[in-house]
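**Q** Here's a structure for you.
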There are 2 protein chains.
Amino acid sequence: MVNRSVWWEQGQVRMIDQRQLPLHYEIANFDSIEGVVRSISDMYVRGAPAIGATAAYGMALAARLSLAAQPKAMVADLKQAKQRLDAARPTAVNLAWASARLLALATELAEQQVTTDEIRAEMLAEAERLAEQDIEINQSIGRYGAAIVPQGAHILHHCNTGSLATVDYGTALGVVRAAHAAGKGIHVWVDETRPRLQGARLTAWELMREDIPMHLIADNAAGLLMRTGKVNVVLFGADRVAANGDVANKIGTYNLAVLAQENGIPCYAAVPTPTIDLDLPDGDQIPIEERRWDEVATVFGKQIAPDNVPVYNPAFDITPHRYLTGIITDEGICYPPFTESLRRAKLSAETRLWEEHQH
Amino acid sequence: MVNRSVWWEQGQVRMIDQRQLPLHYEIANFDSIEGVVRSISDMYVRGAPAIGATAAYGMALAARLSLAAQPKAMVADLKQAKQRLDAARPTAVNLAWASARLLALATELAEQQVTTDEIRAEMLAEAERLAEQDIEINQSIGRYGAAIVPQGAHILHHCNTGSLATVDYGTALGVVRAAHAAGKGIHVWVDETRPRLQGARLTAWELMREDIPMHLIADNAAGLLMRTGKVNVVLFGADRVAANGDVANKIGTYNLAVLAQENGIPCYAAVPTPTIDLDLPDGDQIPIEERRWDEVATVFGKQIAPDNVPVYNPAFDITPHRYLTGIITDEGICYPPFTESLRRAKLSAETRLWEEHQH
């Protein structure tokens, strides 16, 4: 393991407090649902898969804290907990996906007349399984993705998609790790990723810890680098992928995809299959979260704009599928037409999960 | 006048210390050539026309400080001063253009056997003329440019091109001012413009002082706004324009121009004719200044990335002319083919200057 982002310890949900990185490495502990909700909404933890795992541990915590004596009453408590957890961030599909998976298990168990203590134990076991599966998914994404990274490639990377964005290893940064481990002699241009600077704070920190060659850049420098032939592949993650391949990801992703296409540079999203939402026909259906003005008007608490400046601060944008060369998943690389390839990947992953469930 | 950026007072070059804005409004005074060079290289003053005026006042200061008893010796001192001033920032053509204009006048006067005191007086008068002409040029850019701004337009603006970037009024922001004054009911999306945040610090400050409706955005949000129909025109300035219309401007400009074209949005550079360099066939000949790592790794002195992070920090990029709808100048709006229209604008401006010189 590289940098486990979130885990269960001594009856609490624990995580790296990513708001403090890279200046301070601190572990935060949460022993209430309020706390877990806050850890997501205040971005102690961020990144769709890491949020999913946090929600799963949050559901295990809700079972642990529930005073219900009967399984049905415990399920009612868990439904409440799920509602509160799901409301913490509106865009990430993994959040509701993970909490639903744990609620479904509890509901199933309640119907089997097990004890509440057994439900508690099974909820925790399921959260741990979900976290382990995320790590396996990322390693699989890394294996498939490394194949499209040329020898000596300069990779442009947006936001943070690494250990810190997932449970461990990472999606797009998992591809970077796998390509580096395969001896491809890569170099990474790290978009700082305003406004929250996940690239400068987290991706740079992860890459430097592993001596993967990199340079930090202002997001504005990406175009110049692409136009002057200094980028061989553009890689990013996704918070949500629609059935047609439209991708919701960190604000600025769309800019990169357009610039990549204009300059004939391959451009890939790296995503776990749970992030693919076949119920969404296209990206226009994905709600865009707007965040607070102070994320733009201040940096690490330092004011950078006039008092009372009006700010527009969308956290995500939609990249239409026509700008993507491919979508790297744990089931292989999906190419256009994405409607078909994503459906195949998603079904393959669900079949695998179902088969594992049978054993 | 709105916010005069640089002026002459009591034998000194004075300017708004733009590094302190928007938190503090301070005036800096320079009474040596070292100081004036530092005011440019350390970016007390920035923006091509403002740098040009600063260099002109710097030459007037060099004449004032020169101990030469003979005109020829004074010209030698001025040549030295010009060399030092020109080296302060490599990309801006206005710097060398302004210092050359003052040196040429001194050389001409020296041949006419005038006294060194007369040269001193004429150098200051010429610097003042250059500053006044810059203001007139900007007002002319504003008049021409306002015509292409639709009623109720949302204007996306990059960097600072306002009073603070020029001597006063501004180029692209001069167009914004003129459109606002014409009652067009405009609204401005202000790119914060990383890494140095000229948009957040300076453009927001200028617009808020005049109650021109605006929102500050992270540079990354520009693509989303354009794709969702919330931008009607993209406006920026230029540090240098080549004969074919290629534009060197603040890093990130190329990104905006590509995004504008992709979304069918008109995109204009607003430039004074002295910024047009007919001797440069195209943008590939323009040197790109690389600036210090700490402009990216720190914000207002606050560290935002890991210790010793490697940084690539180009200050400008080149936008090929094919992405521009037009180039707004003080002689009118130039449209493709730019090689012809820019030459006409430049010649018209030089003819006007020559005629004024005769009176």
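Chains: A, B, ... in order of the structure tokens. Residues: from 1 per chain. Ligands: from 1, in order shown.
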Write out as a list in words the set of residues from region 142-208 of chain A that DSSP, computed on the backbone, places in strand (DSSP E or B).
**A**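 Matching residues for strand (DSSP E or B) in region 142-208 of chain A are His154, Ile155, Leu156, His157, His187, Val188, Trp189, Val190 and Asp191 of chain A.
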**Q** Can you list every residue of chain B that has an atom at most 8 Å from chain A, with its nearest atom pair and the distance in Å to one decimal, using only C-alpha atoms, ordered by chain then number, as CSV?
**A**
residue,atom,partner,partner_atom,distance
B:Pro22,CA,A:Pro306,CA,5.4
B:Leu23,CA,A:Pro306,CA,6.7
B:Thr193,CA,A:Asn220,CA,7.7
B:Arg194,CA,A:Ala218,CA,6.2
B:Pro195,CA,A:Ala218,CA,6.0
B:Leu197,CA,A:Ile304,CA,7.8
B:Ala200,CA,A:Ala305,CA,4.9
B:Arg201,CA,A:Ala305,CA,5.0
B:Ala204,CA,A:Pro306,CA,6.9
B:Trp205,CA,A:Pro306,CA,6.0
B:Met208,CA,A:Val309,CA,7.8
B:Met214,CA,A:Pro310,CA,6.8
B:His215,CA,A:Val311,CA,4.9
B:Leu216,CA,A:Val311,CA,4.6
B:Ile217,CA,A:Tyr312,CA,5.6
B:Ala218,CA,A:Pro195,CA,6.0
B:Asp219,CA,A:Asn220,CA,7.1
B:Asn220,CA,A:Gly252,CA,4.1
B:Ala221,CA,A:Ile251,CA,6.0
B:Ala222,CA,A:Gly252,CA,7.8
B:Gly223,CA,A:Asn255,CA,5.3
B:Leu224,CA,A:Asp317,CA,5.7
B:Ile251,CA,A:Asn220,CA,5.7
B:Gly252,CA,A:Asn220,CA,4.1
B:Thr253,CA,A:Asn220,CA,7.9
B:Tyr254,CA,A:Gly223,CA,6.3
B:Asn255,CA,A:Gly223,CA,5.3
B:Val258,CA,A:Leu259,CA,6.9
B:Leu259,CA,A:Val258,CA,6.9
B:Glu262,CA,A:Val258,CA,7.7
B:Val296,CA,A:Ala218,CA,6.5
B:Ala297,CA,A:Ala200,CA,7.6
B:Val299,CA,A:Val299,CA,7.1
B:Phe300,CA,A:Lys302,CA,7.3
B:Lys302,CA,A:Phe300,CA,7.3
B:Ile304,CA,A:Arg201,CA,6.2
B:Ala305,CA,A:Ala200,CA,4.9
B:Pro306,CA,A:Pro22,CA,5.4
B:Val309,CA,A:Leu216,CA,7.1
B:Pro310,CA,A:His215,CA,4.9
B:Val311,CA,A:Leu216,CA,4.6
B:Tyr312,CA,A:Ile217,CA,5.6
B:Asn313,CA,A:Ile217,CA,6.3
B:Pro314,CA,A:Ala221,CA,6.9
B:Asp317,CA,A:Leu224,CA,5.8
B:Ile318,CA,A:Leu224,CA,7.4
**Q** Identify, on the basis of only C-alpha atoms, every residue whose closest approach to region 331-344 of chain A does not exceed 7 Å; exclude the query and any residue fewer than 3 positions from it along the same chain; express the result as a VMD selection string.
**A** chain A and resid 144 243 to 245 325 to 328 347 to 349
**Q** With N, CA and C atoms retained, write the just-selected residues as a short mmCIF file (atom, residue, chain, number, x, y, z; two decimals), in the first residue's frame.
**A**
data_model
loop_
_atom_site.label_atom_id
_atom_site.label_comp_id
_atom_site.auth_asym_id
_atom_site.auth_seq_id
_atom_site.Cartn_x
_atom_site.Cartn_y
_atom_site.Cartn_z
N TYR A 144 -4.17 -1.87 -17.12
CA TYR A 144 -4.70 -1.60 -18.47
C TYR A 144 -4.16 -0.27 -19.00
N ALA A 243 -23.79 7.31 -19.58
CA ALA A 243 -23.84 6.13 -20.45
C ALA A 243 -23.19 6.39 -21.81
N ASN A 244 -23.23 7.64 -22.27
CA ASN A 244 -22.66 7.94 -23.59
C ASN A 244 -21.18 8.33 -23.52
N GLY A 245 -20.59 8.29 -22.31
CA GLY A 245 -19.17 8.61 -22.16
C GLY A 245 -18.89 10.04 -21.75
N THR A 325 -10.24 10.17 -26.13
CA THR A 325 -9.69 9.08 -26.92
C THR A 325 -10.21 7.75 -26.40
N GLY A 326 -10.25 7.63 -25.08
CA GLY A 326 -10.74 6.41 -24.47
C GLY A 326 -11.02 6.63 -23.00
N ILE A 327 -11.67 5.65 -22.39
CA ILE A 327 -11.93 5.67 -20.95
C ILE A 327 -11.33 4.40 -20.37
N ILE A 328 -10.32 4.59 -19.51
CA ILE A 328 -9.61 3.45 -18.93
C ILE A 328 -10.38 2.97 -17.72
N LEU A 347 -21.20 -4.24 -17.24
CA LEU A 347 -21.80 -5.56 -17.06
C LEU A 347 -20.75 -6.58 -16.65
N SER A 348 -19.59 -6.50 -17.25
CA SER A 348 -18.50 -7.41 -16.92
C SER A 348 -18.11 -7.26 -15.45
N ALA A 349 -18.04 -6.01 -14.98
CA ALA A 349 -17.68 -5.77 -13.57
C ALA A 349 -18.76 -6.30 -12.65
#
**Q** For the structure I just gave you, how does DSSP split region 46-89 of chain B - specifically, which residues are helix (DSSP H, G or I)? Reply as a PyMOL selection string.
**A** chain B and resi 48-65+71-86
**Q** By how many Å are CA of Val37 (chain A) and CA of Leu130 (chain A) apart?
**A**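 Between these atoms lies a distance of 18.6 Å.
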**Q** Within 8 Å of Val167 (chain A), counting only C-alpha atoms, which residues show up once you throw out same-chain ones fewer than 3 positions away? Write them as a VMD selection string, please.
**A** chain A and resid 4 to 6 49 to 50 53 131 134 to 135 163 to 164 170
**Q** If we count only C-alpha atoms, what is near Asp330 (chain B) at a cut-off of 6 Å, once residues fewer than 4 positions away on the same chain are taken out, given as a ChimeraX atom specification?
**A** /B:137,140-141,272
**Q** With N, CA, C and O atoms retained, export the selected residues as an mmCIF file, in the first residue's frame.
**A**
data_model
loop_
_atom_site.group_PDB
_atom_site.id
_atom_site.type_symbol
_atom_site.label_atom_id
_atom_site.label_comp_id
_atom_site.auth_asym_id
_atom_site.auth_seq_id
_atom_site.Cartn_x
_atom_site.Cartn_y
_atom_site.Cartn_z
ATOM 1 N N ILE B 137 -4.406 56.603 -26.899
ATOM 2 C CA ILE B 137 -4.492 55.336 -27.638
ATOM 3 C C ILE B 137 -5.548 54.426 -27.006
ATOM 4 O O ILE B 137 -6.377 53.827 -27.695
ATOM 5 N N SER B 140 -9.021 55.486 -27.622
ATOM 6 C CA SER B 140 -9.383 55.169 -29.004
ATOM 7 C C SER B 140 -9.711 53.674 -29.150
ATOM 8 O O SER B 140 -10.695 53.300 -29.801
ATOM 9 N N ILE B 141 -8.890 52.809 -28.531
ATOM 10 C CA ILE B 141 -9.179 51.356 -28.520
ATOM 11 C C ILE B 141 -10.564 51.112 -27.928
ATOM 12 O O ILE B 141 -11.357 50.329 -28.454
ATOM 13 N N PRO B 272 -2.536 48.351 -28.334
ATOM 14 C CA PRO B 272 -2.073 49.609 -28.905
ATOM 15 C C PRO B 272 -1.158 49.306 -30.100
ATOM 16 O O PRO B 272 -0.410 48.321 -30.069
#
**Q** I'd like the neighbourhood of Arg120 (chain A) as number ranges by chain, where a residue qualifies if any of its atoms comes within 9 Å (using only C-alpha atoms), though same-chain residues fewer than 3 positions away should be ignored.
**A** A: 60-64, 106, 115-117, 123-125
**Q** Ranking A:Arg38, A:Arg84, A:His157, A:His321 by minimum distance to Val241 (chain A) and counting only C-alpha atoms, which one comes first?
**A**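 Among A:Arg38, A:Arg84, A:His157, A:His321, it is A:His321 that comes nearest to Val241 (chain A).
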**Q** From the options B:Gly283, B:Pro150, B:Gly52, B:Gly58, which residue's atoms come nearest to Trp8 (chain B), counting only C-alpha atoms?
**A**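 The closest residue to Trp8 (chain B) is B:Gly58.
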**Q** If we count only C-alpha atoms and set the cut-off at 10 Å, which residues sit around Gln261 (chain B), ignoring sequence neighbours fewer than 4 positions away in its own chain? Please answer as a count of residues only.
**A** 10
**Q** When you draw a straight line from CA of Met59 (chain A) to CA of Val13 (chain A), how long is it in Å?
**A**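 It comes out at 10.3 Å.
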**Q** CA of Ala242 (chain B) and CA of Asp279 (chain B), how far apart in Å?
**A**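 So the answer is 7.5 Å.
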